[in-house]
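File shown here: model09.cif, holding mmCIF, C-alpha atoms (C1' of nucleotides).
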data_run
loop_
_atom_site.label_atom_id
_atom_site.label_comp_id
_atom_site.auth_asym_id
_atom_site.auth_seq_id
_atom_site.Cartn_x
_atom_site.Cartn_y
_atom_site.Cartn_z
CA MET A 1312 -0.85 23.43 -88.77
CA MET A 1313 -4.10 25.23 -89.27
CA SER A 1314 -5.52 22.98 -91.95
CA GLU A 1315 -5.24 19.94 -89.71
CA TYR A 1316 -8.87 20.41 -88.75
CA PHE A 1317 -9.83 20.61 -92.40
CA ARG A 1318 -8.01 17.36 -93.13
CA GLU A 1319 -9.87 15.73 -90.27
CA GLN A 1320 -13.16 16.98 -91.63
CA LEU A 1321 -12.44 15.55 -95.06
CA LYS A 1322 -11.66 12.15 -93.59
CA GLU A 1323 -14.73 12.21 -91.41
CA LYS A 1324 -16.92 12.81 -94.43
CA GLY A 1325 -15.21 10.04 -96.39
CA LEU A 1326 -13.50 12.45 -98.76
CA LYS A 1327 -9.93 11.96 -99.82
CA VAL A 1328 -7.36 14.37 -98.51
CA THR A 1329 -5.67 15.73 -101.60
CA PRO A 1330 -3.16 18.53 -101.88
CA GLN A 1331 -5.56 20.33 -104.22
CA ARG A 1332 -8.36 20.32 -101.69
CA VAL A 1333 -6.12 21.53 -98.93
CA ALA A 1334 -4.64 24.23 -101.16
CA ILE A 1335 -8.05 25.53 -102.20
CA TYR A 1336 -9.38 25.52 -98.69
CA GLU A 1337 -6.32 27.39 -97.50
CA ALA A 1338 -6.74 29.86 -100.34
CA VAL A 1339 -10.29 30.68 -99.29
CA VAL A 1340 -9.20 31.10 -95.69
CA GLU A 1341 -6.22 33.17 -96.71
CA LEU A 1342 -8.03 35.41 -99.18
CA LYS A 1343 -10.63 36.20 -96.56
CA ASN A 1344 -12.87 38.71 -98.30
CA HIS A 1345 -15.24 36.22 -99.89
CA PRO A 1346 -13.19 35.45 -102.96
CA THR A 1347 -14.72 34.50 -106.27
CA ALA A 1348 -13.67 31.32 -108.05
CA GLU A 1349 -11.53 33.56 -110.21
CA ASN A 1350 -9.75 35.07 -107.20
CA ILE A 1351 -9.06 31.60 -105.92
CA ILE A 1352 -7.79 30.38 -109.26
CA GLU A 1353 -5.45 33.33 -109.52
CA TYR A 1354 -4.11 32.84 -106.01
CA ILE A 1355 -3.75 29.10 -106.41
CA SER A 1356 -2.00 29.33 -109.74
CA LYS A 1357 0.92 31.11 -108.11
CA ILE A 1358 1.53 28.40 -105.56
CA HIS A 1359 0.32 25.36 -107.46
CA PRO A 1360 0.53 26.31 -111.13
CA ASN A 1361 -0.77 22.95 -112.23
CA ILE A 1362 -4.13 22.85 -110.52
CA SER A 1363 -6.66 23.16 -113.30
CA VAL A 1364 -9.59 25.51 -113.40
CA GLY A 1365 -12.16 22.74 -113.58
CA THR A 1366 -10.69 21.19 -110.49
CA VAL A 1367 -11.08 24.42 -108.55
CA TYR A 1368 -14.77 24.58 -109.41
CA LYS A 1369 -15.26 20.91 -108.67
CA ILE A 1370 -13.57 21.19 -105.30
CA LEU A 1371 -15.45 24.34 -104.34
CA ASP A 1372 -18.71 22.55 -105.12
CA THR A 1373 -17.69 19.51 -103.14
CA LEU A 1374 -16.71 21.58 -100.14
CA VAL A 1375 -19.91 23.61 -100.23
CA GLU A 1376 -21.92 20.42 -100.55
CA HIS A 1377 -20.22 18.98 -97.49
CA HIS A 1378 -20.55 22.21 -95.55
CA LEU A 1379 -16.87 22.96 -95.38
CA LEU A 1380 -17.35 26.20 -97.28
CA ASN A 1381 -20.23 28.55 -97.90
CA LYS A 1382 -21.43 30.05 -101.14
CA VAL A 1383 -22.43 33.69 -101.12
CA LYS A 1384 -23.89 35.66 -103.97
CA ASN A 1385 -23.57 39.38 -104.37
CA GLU A 1386 -25.55 41.99 -106.25
CA LYS A 1387 -23.30 41.49 -109.18
CA ASP A 1388 -23.48 38.13 -110.75
CA VAL A 1389 -20.68 35.93 -109.53
CA MET A 1390 -20.57 33.37 -106.77
CA ARG A 1391 -18.27 33.95 -103.85
CA TYR A 1392 -16.98 31.63 -101.20
CA ASP A 1393 -16.53 31.81 -97.47
CA ALA A 1394 -14.66 29.59 -95.05
CA VAL A 1395 -16.52 30.98 -92.05
CA MET A 1396 -19.19 28.38 -91.45
CA LYS A 1397 -20.79 29.91 -88.41
CA LYS A 1398 -24.20 31.40 -89.20
CA HIS A 1399 -23.73 35.07 -89.89
CA HIS A 1400 -25.00 38.02 -91.85
CA HIS A 1401 -23.34 40.07 -94.53
CA LEU A 1402 -22.47 43.68 -95.03
CA TYR A 1403 -22.34 44.67 -98.68
CA CYS A 1404 -20.82 47.76 -100.14
CA GLU A 1405 -22.51 48.55 -103.42
CA GLU A 1406 -19.73 50.85 -104.57
CA THR A 1407 -16.69 48.74 -103.93
CA ASP A 1408 -18.47 45.40 -104.09
CA LYS A 1409 -16.88 44.41 -100.80
CA ILE A 1410 -18.50 41.90 -98.50
CA ALA A 1411 -17.87 41.57 -94.79
CA ASP A 1412 -19.20 39.09 -92.31
CA PHE A 1413 -21.43 40.41 -89.60
CA ASP A 1414 -22.33 38.50 -86.51
CA ASP A 1415 -24.73 39.69 -83.85
CA PRO A 1416 -26.29 37.18 -81.49
CA GLU A 1417 -28.41 39.84 -79.81
CA LEU A 1418 -30.01 40.80 -83.09
CA ASP A 1419 -30.52 37.15 -84.01
CA HIS A 1420 -32.24 36.69 -80.73
CA ILE A 1421 -34.58 39.61 -81.28
CA ILE A 1422 -35.51 38.40 -84.74
CA SER A 1423 -36.05 34.80 -83.77
CA ASP A 1424 -38.16 35.94 -80.82
CA TYR A 1425 -40.24 37.98 -83.20
CA PHE A 1426 -40.89 35.03 -85.48
CA THR A 1427 -41.69 32.75 -82.58
CA LYS A 1428 -44.56 35.03 -81.72
CA LYS A 1429 -45.59 35.94 -85.23
CA LYS A 1430 -45.52 33.07 -87.71
CA ILE A 1431 -45.50 33.56 -91.46
CA LYS A 1432 -48.53 31.69 -92.65
CA GLY A 1433 -47.87 28.95 -95.16
CA PHE A 1434 -44.14 29.05 -94.60
CA LYS A 1435 -41.80 27.20 -92.31
CA ILE A 1436 -38.67 29.19 -91.54
CA LYS A 1437 -35.36 27.37 -91.52
CA ASP A 1438 -32.94 30.21 -91.59
CA ILE A 1439 -32.87 33.98 -91.65
CA SER A 1440 -29.99 36.00 -92.93
CA LEU A 1441 -29.65 39.74 -93.26
CA GLN A 1442 -28.12 41.54 -96.15
CA ILE A 1443 -27.08 44.89 -94.94
CA THR A 1444 -26.11 47.16 -97.78
CA GLY A 1445 -24.39 50.45 -97.31
CA GLU A 1446 -20.89 51.72 -97.35
CA PHE A 1447 -17.71 51.12 -95.46
CA LYS A 1448 -16.34 54.28 -93.89
CA ASN A 1449 -12.63 54.63 -94.37
CA LYS A 1450 -11.11 55.14 -90.98
CA MET B 1434 -54.69 50.52 -118.68
CA MET B 1435 -52.36 49.36 -115.98
CA SER B 1436 -49.13 50.20 -117.74
CA GLU B 1437 -50.11 53.84 -118.02
CA TYR B 1438 -48.13 54.55 -114.89
CA PHE B 1439 -45.15 52.76 -116.35
CA ARG B 1440 -45.32 54.84 -119.52
CA GLU B 1441 -45.42 57.95 -117.39
CA GLN B 1442 -42.39 56.79 -115.47
CA LEU B 1443 -40.43 56.19 -118.67
CA LYS B 1444 -41.21 59.67 -119.92
CA GLU B 1445 -40.32 61.21 -116.60
CA LYS B 1446 -36.93 59.61 -116.71
CA GLY B 1447 -36.34 60.69 -120.27
CA LEU B 1448 -36.63 57.19 -121.65
CA LYS B 1449 -38.51 56.45 -124.82
CA VAL B 1450 -41.76 54.60 -124.55
CA THR B 1451 -41.36 51.63 -126.83
CA PRO B 1452 -43.67 48.66 -127.30
CA GLN B 1453 -40.78 46.39 -126.29
CA ARG B 1454 -40.30 48.12 -122.96
CA VAL B 1455 -43.98 48.07 -122.20
CA ALA B 1456 -44.25 44.42 -123.18
CA ILE B 1457 -41.35 43.40 -120.98
CA TYR B 1458 -42.58 45.36 -118.02
CA GLU B 1459 -46.01 43.82 -118.41
CA ALA B 1460 -44.43 40.38 -118.65
CA VAL B 1461 -42.64 40.84 -115.33
CA VAL B 1462 -45.83 42.08 -113.70
CA GLU B 1463 -47.86 39.29 -115.23
CA LEU B 1464 -45.43 36.47 -114.45
CA LYS B 1465 -45.33 37.55 -110.83
CA ASN B 1466 -43.13 34.91 -109.22
CA HIS B 1467 -39.84 36.67 -109.80
CA PRO B 1468 -39.23 35.46 -113.33
CA THR B 1469 -35.80 34.88 -114.77
CA ALA B 1470 -34.75 36.50 -118.02
CA GLU B 1471 -35.47 33.14 -119.62
CA ASN B 1472 -39.02 33.07 -118.25
CA ILE B 1473 -39.58 36.54 -119.61
CA ILE B 1474 -38.14 35.70 -123.01
CA GLU B 1475 -40.36 32.66 -123.26
CA TYR B 1476 -43.47 34.59 -122.26
CA ILE B 1477 -42.67 37.50 -124.53
CA SER B 1478 -41.91 35.34 -127.53
CA LYS B 1479 -45.51 34.14 -127.59
CA ILE B 1480 -46.98 37.62 -127.76
CA HIS B 1481 -44.22 39.47 -129.57
CA PRO B 1482 -42.27 36.82 -131.46
CA ASN B 1483 -39.89 39.37 -132.86
CA ILE B 1484 -38.44 40.85 -129.69
CA SER B 1485 -34.87 39.62 -129.60
CA VAL B 1486 -33.10 38.08 -126.63
CA GLY B 1487 -30.47 40.78 -126.43
CA THR B 1488 -33.20 43.39 -126.29
CA VAL B 1489 -34.83 41.69 -123.33
CA TYR B 1490 -31.57 41.77 -121.38
CA LYS B 1491 -30.88 45.33 -122.40
CA ILE B 1492 -34.33 46.50 -121.35
CA LEU B 1493 -34.22 44.62 -118.04
CA ASP B 1494 -30.91 46.32 -117.27
CA THR B 1495 -32.26 49.72 -118.20
CA LEU B 1496 -35.34 49.30 -116.07
CA VAL B 1497 -33.36 48.08 -113.08
CA GLU B 1498 -30.96 50.98 -113.49
CA HIS B 1499 -33.86 53.42 -113.45
CA HIS B 1500 -35.57 51.68 -110.55
CA LEU B 1501 -38.57 50.52 -112.48
CA LEU B 1502 -37.74 46.90 -111.75
CA ASN B 1503 -35.76 45.11 -109.09
CA LYS B 1504 -33.15 42.46 -109.48
CA VAL B 1505 -33.39 39.65 -106.97
CA LYS B 1506 -30.57 37.27 -106.38
CA ASN B 1507 -30.78 33.78 -105.05
CA GLU B 1508 -28.21 31.20 -104.15
CA LYS B 1509 -28.68 29.56 -107.51
CA ASP B 1510 -27.07 31.17 -110.43
CA VAL B 1511 -29.60 33.16 -112.38
CA MET B 1512 -30.90 36.63 -111.86
CA ARG B 1513 -34.57 37.14 -111.30
CA TYR B 1514 -36.71 40.21 -111.65
CA ASP B 1515 -39.46 41.83 -109.66
CA ALA B 1516 -41.90 44.60 -110.52
CA VAL B 1517 -42.76 45.25 -106.88
CA MET B 1518 -40.63 48.25 -106.05
CA LYS B 1519 -41.71 48.75 -102.47
CA LYS B 1520 -38.97 47.73 -100.06
CA HIS B 1521 -39.60 44.18 -98.96
CA HIS B 1522 -38.00 40.95 -97.90
CA HIS B 1523 -37.95 37.58 -99.57
CA LEU B 1524 -38.95 34.09 -98.66
CA TYR B 1525 -36.93 31.44 -100.43
CA CYS B 1526 -37.77 27.80 -100.77
CA GLU B 1527 -34.59 25.81 -101.18
CA GLU B 1528 -36.39 22.77 -102.58
CA THR B 1529 -38.62 24.29 -105.18
CA ASP B 1530 -36.53 27.41 -105.75
CA LYS B 1531 -39.63 29.55 -105.30
CA ILE B 1532 -39.36 33.12 -104.11
CA ALA B 1533 -42.14 35.10 -102.45
CA ASP B 1534 -42.24 38.70 -101.35
CA PHE B 1535 -42.54 39.34 -97.66
CA ASP B 1536 -43.48 42.63 -96.16
CA ASP B 1537 -43.61 43.37 -92.45
CA PRO B 1538 -43.45 46.96 -91.26
CA GLU B 1539 -43.45 45.92 -87.62
CA LEU B 1540 -40.35 43.81 -88.11
CA ASP B 1541 -38.68 46.56 -90.12
CA HIS B 1542 -39.39 48.89 -87.27
CA ILE B 1543 -37.86 46.59 -84.70
CA ILE B 1544 -34.72 46.13 -86.77
CA SER B 1545 -34.25 49.78 -87.59
CA ASP B 1546 -34.77 50.62 -83.93
CA TYR B 1547 -32.08 48.14 -83.05
CA PHE B 1548 -29.57 49.67 -85.43
CA THR B 1549 -30.39 53.18 -84.28
CA LYS B 1550 -29.21 52.21 -80.86
CA LYS B 1551 -26.39 49.92 -81.88
CA LYS B 1552 -24.32 51.14 -84.80
CA ILE B 1553 -22.03 48.92 -86.81
CA LYS B 1554 -18.65 50.53 -86.52
CA GLY B 1555 -17.03 51.49 -89.77
CA PHE B 1556 -20.19 50.93 -91.76
CA LYS B 1557 -23.04 53.19 -92.79
CA ILE B 1558 -26.25 51.26 -93.32
CA LYS B 1559 -28.38 52.17 -96.30
CA ASP B 1560 -30.70 49.24 -96.49
CA ILE B 1561 -31.45 45.99 -94.75
CA SER B 1562 -33.17 43.09 -96.36
CA LEU B 1563 -33.93 39.69 -94.96
CA GLN B 1564 -33.56 36.44 -96.79
CA ILE B 1565 -35.77 33.98 -95.09
CA THR B 1566 -35.14 30.47 -96.31
CA GLY B 1567 -37.36 27.55 -95.49
CA GLU B 1568 -40.23 25.78 -97.14
CA PHE B 1569 -43.70 26.61 -98.32
CA LYS B 1570 -46.30 24.44 -96.72
CA ASN B 1571 -48.84 23.15 -99.19
CA LYS B 1572 -52.21 24.20 -97.93
"C1'" DT C 1174 -47.38 66.32 -141.18
"C1'" DT C 1175 -42.84 65.61 -142.50
"C1'" DT C 1176 -38.14 65.55 -141.25
"C1'" DC C 1177 -34.31 64.60 -138.44
"C1'" DT C 1178 -31.49 62.36 -135.14
"C1'" DA C 1179 -30.30 60.22 -131.03
"C1'" DA C 1180 -32.00 56.44 -128.74
"C1'" DA C 1181 -33.46 51.98 -129.06
"C1'" DG C 1182 -34.04 47.43 -131.24
"C1'" DG C 1183 -32.55 43.18 -134.11
"C1'" DA C 1184 -29.41 39.53 -135.32
"C1'" DG C 1185 -26.06 36.97 -134.20
"C1'" DA C 1186 -21.11 36.70 -132.72
"C1'" DA C 1187 -18.33 36.92 -128.59
"C1'" DT C 1188 -17.42 36.50 -123.89
"C1'" DT C 1189 -17.57 34.67 -119.26
"C1'" DA C 1190 -18.46 31.61 -115.81
"C1'" DT C 1191 -19.33 27.16 -115.11
"C1'" DT C 1192 -20.09 22.17 -116.18
"C1'" DA C 1193 -19.31 17.86 -118.55
"C1'" DT C 1194 -16.50 14.28 -120.56
"C1'" DC C 1195 -12.96 11.40 -120.81
"C1'" DT C 1196 -8.37 9.96 -119.58
"C1'" DT C 1197 -4.85 9.73 -116.18
"C1'" DT C 1198 -3.22 9.98 -111.50
"C1'" DG C 1199 -2.65 9.09 -106.76
"C1'" DC C 1200 -4.95 8.43 -101.96
"C1'" DG C 1201 -5.46 5.16 -98.74
"C1'" DG C 1202 -7.19 0.50 -97.47
"C1'" DA C 1203 -5.77 -4.41 -97.86
"C1'" DT D 1452 3.67 -2.41 -101.88
"C1'" DC D 1453 -0.25 -2.94 -104.73
"C1'" DC D 1454 -4.86 -2.09 -106.36
"C1'" DG D 1455 -9.30 0.10 -107.12
"C1'" DC D 1456 -11.85 3.89 -107.13
"C1'" DA D 1457 -12.26 8.65 -106.14
"C1'" DA D 1458 -10.34 12.63 -107.71
"C1'" DA D 1459 -7.47 15.56 -110.84
"C1'" DG D 1460 -6.13 17.27 -115.54
"C1'" DA D 1461 -7.18 18.82 -120.07
"C1'" DT D 1462 -10.22 20.48 -122.84
"C1'" DA D 1463 -14.76 20.58 -125.09
"C1'" DA D 1464 -19.40 22.01 -124.27
"C1'" DT D 1465 -22.98 24.69 -122.37
"C1'" DA D 1466 -25.59 28.56 -120.50
"C1'" DA D 1467 -26.34 33.05 -119.43
"C1'" DT D 1468 -25.30 37.33 -120.61
"C1'" DT D 1469 -22.95 41.04 -123.18
"C1'" DC D 1470 -21.20 43.14 -127.24
"C1'" DT D 1471 -20.96 44.78 -131.98
"C1'" DC D 1472 -22.72 46.54 -135.78
"C1'" DC D 1473 -26.24 47.79 -138.48
"C1'" DT D 1474 -31.27 49.12 -138.99
"C1'" DT D 1475 -35.37 51.06 -137.23
"C1'" DT D 1476 -38.20 54.20 -134.70
"C1'" DA D 1477 -39.87 57.49 -131.03
"C1'" DG D 1478 -40.62 61.85 -130.48
"C1'" DA D 1479 -38.82 66.69 -130.79
"C1'" DA D 1480 -38.72 70.32 -133.95
"C1'" DA D 1481 -39.64 72.48 -138.32
#
Could the structure of this file be written out as structure tokens, please?
Amino acid sequence: MMSEYFREQLKEKGLKVTPQRVAIYEAVVELKNHPTAENIIEYISKIHPNISVGTVYKILDTLVEHHLLNKVKNEKDVMRYDAVMKKHHHLYCEETDKIADFDDPELDHIISDYFTKKKIKGFKIKDISLQITGEFKNK
Amino acid sequence: MMSEYFREQLKEKGLKVTPQRVAIYEAVVELKNHPTAENIIEYISKIHPNISVGTVYKILDTLVEHHLLNKVKNEKDVMRYDAVMKKHHHLYCEETDKIADFDDPELDHIISDYFTKKKIKGFKIKDISLQITGEFKNK
DNA sequence: TTTCTAAAGGAGAATTATTATCTTTGCGGA
DNA sequence: TCCGCAAAGATAATAATTCTCCTTTAGAAA
């Protein structure tokens, strides 16, 4: 089962493996497109009608805190979540409010090269992420 | 006076020049470090005690909509505003939650060059902005 | 300058997303 | 299997923002 790894991760970090946590993690994976808490709640409520809203928020926080999920914010106001933990960039569509992951090691390399040569004075860089806004072409 | 340009801009866009709008714009300029609505409200209330909270939000929205201010998002929850309209990147400090503007035409050039050669399939890029997280070194 | 009217502002209620509190439940070690 | 504490449930509270409704005012026109 695909969430076996997730269960392992929970144990490793000393967190209890609960059906709620597994369900929410699976929801984020399943929903893919960077769901909001609301999206997750809606999805969850169909399968596990008795998981409460507060619990969803609490679990999302816990998982973000322990680096099992990522938090992303969009131009609008709400927080969104992502199960892809690998460092990556984001493509935003302003119109449809869609977010897609974007990964490009070559670009990362170019940028990190650049900042190796040219430091920002008074600032120590930990991470760089690109927000690429534009629009998705419908194929 | 420095807000002369702002008044001109309002007129040009068919917006009325009101003392509230001028005051709020000046507050954002004055406060510099990407103030939140709350920061602005606090600042404003000292000078113009009778500008109401709802008005501040309404005016911020209007000005963002007409590109007289920018909205900046961070991983935390609140929106922040910026009077610097020139395209630029942001430096974020995770610890102190500070944001600084970062401008680097050379870097922009490198990145836009890169994407001229290597398109993202299914996506039309309109704008790229970097979020550089890390920490400010105290001089 | 005065008048007129749509646009803008004021006050505070309403909404929305999120967090906190407090009680109950159940995971997982002994 | 039992027990203790972490976690879940229910719901109240909070915070940021938006909405509603009514009043005021900027600025165009007379």
**Study point:** Test item: chain D residues at most 8 Å from chain B, counting only C-alpha atoms (C1' of nucleotides), as number ranges by chain
**Key:** D: 1467-1468, 1477
Prev. selection, C-alpha atoms (C1' of nucleotides), output as a PDB file, keeping the file's coordinate frame:
ATOM      1  C1'  DA D1467     -26.340  33.050-119.430  1.00  0.00           C
ATOM      2  C1'  DT D1468     -25.300  37.330-120.610  1.00  0.00           C
ATOM      3  C1'  DA D1477     -39.870  57.490-131.030  1.00  0.00           C
TER       4       DA D1477
END
**Study point:** Expansion of the PyMOL selection byres ((chain C and resi 1199) around 9) into residues, as a list in words
**Key:**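 In the shown coordinates, the PyMOL selection byres ((chain C and resi 1199) around 9) covers Thr1329 of chain A; DT1198 and DC1200 of chain C; DA1458 of chain D.
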Output file for the residues above (C-alpha atoms (C1' of nucleotides), as a PDB file, in the frame of the given file):
ATOM      1  CA  THR A1329      -5.670  15.730-101.600  1.00  0.00           C
TER       2      THR A1329
ATOM      3  C1'  DT C1198      -3.220   9.980-111.500  1.00  0.00           C
ATOM      4  C1'  DC C1200      -4.950   8.430-101.960  1.00  0.00           C
TER       5       DC C1200
ATOM      6  C1'  DA D1458     -10.340  12.630-107.710  1.00  0.00           C
TER       7       DA D1458
END
Exercise for review: Between A:Ile1358, A:Glu1405, A:Leu1342, A:Pro1330, single out the one closest to Ile1370 in chain A, counting only C-alpha atoms.
Suggested key: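 Between A:Ile1358, A:Glu1405, A:Leu1342, A:Pro1330, the residue approaching Ile1370 in chain A most closely is A:Pro1330.
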Check your understanding: If the PyMOL selection byres ((chain A) within 12 of (chain B)) is run on the structure shown, which residues does it catch, given as a PyMOL selection string?
Key -> chain A and resi 1375+1381-1392+1400-1405+1409-1415+1417-1426+1428-1450
Superposition of chain A onto chain B by least squares over all sequentially paired C-alpha atoms; the transformed chain is requested as a tab-separated table (two decimals) with C-alpha atoms, keeping the file's coordinate frame.
chain	number	residue	atom	x	y	z
A	1312	MET	CA	-54.82	50.43	-118.64
A	1313	MET	CA	-52.46	49.26	-115.98
A	1314	SER	CA	-49.23	50.11	-117.75
A	1315	GLU	CA	-50.24	53.75	-118.07
A	1316	TYR	CA	-48.25	54.49	-114.94
A	1317	PHE	CA	-45.25	52.70	-116.39
A	1318	ARG	CA	-45.47	54.77	-119.57
A	1319	GLU	CA	-45.57	57.91	-117.46
A	1320	GLN	CA	-42.52	56.79	-115.55
A	1321	LEU	CA	-40.57	56.18	-118.74
A	1322	LYS	CA	-41.38	59.65	-120.02
A	1323	GLU	CA	-40.50	61.24	-116.72
A	1324	LYS	CA	-37.08	59.65	-116.82
A	1325	GLY	CA	-36.53	60.72	-120.42
A	1326	LEU	CA	-36.79	57.19	-121.76
A	1327	LYS	CA	-38.67	56.42	-124.92
A	1328	VAL	CA	-41.91	54.54	-124.63
A	1329	THR	CA	-41.48	51.55	-126.89
A	1330	PRO	CA	-43.75	48.56	-127.31
A	1331	GLN	CA	-40.85	46.33	-126.29
A	1332	ARG	CA	-40.37	48.10	-122.99
A	1333	VAL	CA	-44.04	48.02	-122.21
A	1334	ALA	CA	-44.28	44.35	-123.17
A	1335	ILE	CA	-41.35	43.36	-120.97
A	1336	TYR	CA	-42.60	45.35	-118.04
A	1337	GLU	CA	-46.02	43.78	-118.39
A	1338	ALA	CA	-44.41	40.35	-118.61
A	1339	VAL	CA	-42.61	40.83	-115.31
A	1340	VAL	CA	-45.79	42.05	-113.67
A	1341	GLU	CA	-47.79	39.23	-115.19
A	1342	LEU	CA	-45.33	36.45	-114.41
A	1343	LYS	CA	-45.23	37.55	-110.80
A	1344	ASN	CA	-42.98	34.97	-109.18
A	1345	HIS	CA	-39.69	36.75	-109.80
A	1346	PRO	CA	-39.10	35.51	-113.31
A	1347	THR	CA	-35.66	34.97	-114.76
A	1348	ALA	CA	-34.65	36.60	-118.03
A	1349	GLU	CA	-35.33	33.23	-119.60
A	1350	ASN	CA	-38.88	33.10	-118.23
A	1351	ILE	CA	-39.49	36.56	-119.59
A	1352	ILE	CA	-38.06	35.71	-122.98
A	1353	GLU	CA	-40.24	32.64	-123.21
A	1354	TYR	CA	-43.37	34.54	-122.22
A	1355	ILE	CA	-42.61	37.46	-124.50
A	1356	SER	CA	-41.84	35.29	-127.49
A	1357	LYS	CA	-45.41	34.04	-127.54
A	1358	ILE	CA	-46.93	37.49	-127.73
A	1359	HIS	CA	-44.19	39.36	-129.56
A	1360	PRO	CA	-42.21	36.71	-131.41
A	1361	ASN	CA	-39.85	39.26	-132.85
A	1362	ILE	CA	-38.42	40.81	-129.73
A	1363	SER	CA	-34.84	39.65	-129.60
A	1364	VAL	CA	-33.08	38.15	-126.64
A	1365	GLY	CA	-30.48	40.89	-126.43
A	1366	THR	CA	-33.22	43.46	-126.30
A	1367	VAL	CA	-34.83	41.74	-123.33
A	1368	TYR	CA	-31.58	41.86	-121.39
A	1369	LYS	CA	-30.92	45.44	-122.41
A	1370	ILE	CA	-34.38	46.55	-121.36
A	1371	LEU	CA	-34.25	44.69	-118.06
A	1372	ASP	CA	-30.96	46.43	-117.29
A	1373	THR	CA	-32.35	49.80	-118.25
A	1374	LEU	CA	-35.41	49.34	-116.09
A	1375	VAL	CA	-33.40	48.16	-113.11
A	1376	GLU	CA	-31.04	51.09	-113.55
A	1377	HIS	CA	-33.95	53.51	-113.52
A	1378	HIS	CA	-35.61	51.78	-110.60
A	1379	LEU	CA	-38.61	50.54	-112.50
A	1380	LEU	CA	-37.71	46.94	-111.75
A	1381	ASN	CA	-35.66	45.17	-109.13
A	1382	LYS	CA	-33.02	42.52	-109.55
A	1383	VAL	CA	-33.04	39.62	-107.13
A	1384	LYS	CA	-30.55	36.82	-106.93
A	1385	ASN	CA	-31.30	33.40	-105.58
A	1386	GLU	CA	-29.17	30.62	-104.16
A	1387	LYS	CA	-28.88	29.18	-107.58
A	1388	ASP	CA	-27.05	31.30	-110.03
A	1389	VAL	CA	-29.45	33.25	-112.17
A	1390	MET	CA	-30.76	36.77	-111.84
A	1391	ARG	CA	-34.45	37.29	-111.30
A	1392	TYR	CA	-36.61	40.32	-111.68
A	1393	ASP	CA	-39.36	41.93	-109.67
A	1394	ALA	CA	-41.83	44.66	-110.51
A	1395	VAL	CA	-42.64	45.30	-106.86
A	1396	MET	CA	-40.50	48.30	-106.05
A	1397	LYS	CA	-41.57	48.80	-102.48
A	1398	LYS	CA	-38.84	47.77	-100.03
A	1399	HIS	CA	-39.50	44.23	-98.97
A	1400	HIS	CA	-37.92	40.99	-97.88
A	1401	HIS	CA	-37.88	37.62	-99.55
A	1402	LEU	CA	-38.95	34.14	-98.66
A	1403	TYR	CA	-36.93	31.47	-100.43
A	1404	CYS	CA	-37.77	27.85	-100.77
A	1405	GLU	CA	-34.59	25.87	-101.25
A	1406	GLU	CA	-36.40	22.83	-102.61
A	1407	THR	CA	-38.63	24.38	-105.20
A	1408	ASP	CA	-36.51	27.47	-105.77
A	1409	LYS	CA	-39.58	29.64	-105.32
A	1410	ILE	CA	-39.32	33.21	-104.13
A	1411	ALA	CA	-42.09	35.20	-102.49
A	1412	ASP	CA	-42.16	38.77	-101.37
A	1413	PHE	CA	-42.50	39.40	-97.69
A	1414	ASP	CA	-43.40	42.71	-96.20
A	1415	ASP	CA	-43.56	43.46	-92.50
A	1416	PRO	CA	-43.38	47.05	-91.31
A	1417	GLU	CA	-43.43	46.00	-87.66
A	1418	LEU	CA	-40.35	43.87	-88.12
A	1419	ASP	CA	-38.63	46.61	-90.10
A	1420	HIS	CA	-39.34	48.94	-87.27
A	1421	ILE	CA	-37.86	46.62	-84.68
A	1422	ILE	CA	-34.71	46.12	-86.72
A	1423	SER	CA	-34.19	49.76	-87.54
A	1424	ASP	CA	-34.73	50.63	-83.88
A	1425	TYR	CA	-32.09	48.11	-82.97
A	1426	PHE	CA	-29.55	49.61	-85.34
A	1427	THR	CA	-30.33	53.13	-84.21
A	1428	LYS	CA	-29.21	52.15	-80.75
A	1429	LYS	CA	-26.40	49.84	-81.73
A	1430	LYS	CA	-24.28	51.04	-84.63
A	1431	ILE	CA	-22.01	48.77	-86.63
A	1432	LYS	CA	-18.62	50.34	-86.30
A	1433	GLY	CA	-16.94	51.31	-89.54
A	1434	PHE	CA	-20.09	50.81	-91.56
A	1435	LYS	CA	-22.91	53.07	-92.60
A	1436	ILE	CA	-26.14	51.18	-93.19
A	1437	LYS	CA	-28.23	52.13	-96.19
A	1438	ASP	CA	-30.57	49.23	-96.41
A	1439	ILE	CA	-31.37	45.98	-94.66
A	1440	SER	CA	-33.11	43.10	-96.30
A	1441	LEU	CA	-33.93	39.69	-94.90
A	1442	GLN	CA	-33.60	36.45	-96.73
A	1443	ILE	CA	-35.83	34.01	-95.05
A	1444	THR	CA	-35.21	30.50	-96.26
A	1445	GLY	CA	-37.47	27.62	-95.50
A	1446	GLU	CA	-40.31	25.87	-97.16
A	1447	PHE	CA	-43.75	26.72	-98.37
A	1448	LYS	CA	-46.42	24.55	-96.79
A	1449	ASN	CA	-48.95	23.33	-99.29
A	1450	LYS	CA	-52.34	24.28	-98.01
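The shortest atom-to-atom distance to Ile1335 in chain A, with all atoms listed in the file taken into account, belongs to A:Ile1351 out of A:Ile1351, A:Tyr1316, A:Leu1379, A:Ser1363.
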Practice item. Using all atoms listed in the file, find the one residue out of A:Lys1397, A:Lys1357, A:His1378, A:Lys1322 that sits nearest to chain C. Key: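 Comparing A:Lys1397, A:Lys1357, A:His1378, A:Lys1322 against chain C, the winner is A:Lys1322.
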Exercise for review: Dump as a list in words the residues of chain C that approach chain B to within 9 Å, counting only C-alpha atoms (C1' of nucleotides).
Suggested key: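 Here is what falls inside 9 Å: DA1180, DA1181, DG1182, DG1183 and DA1184 of chain C.
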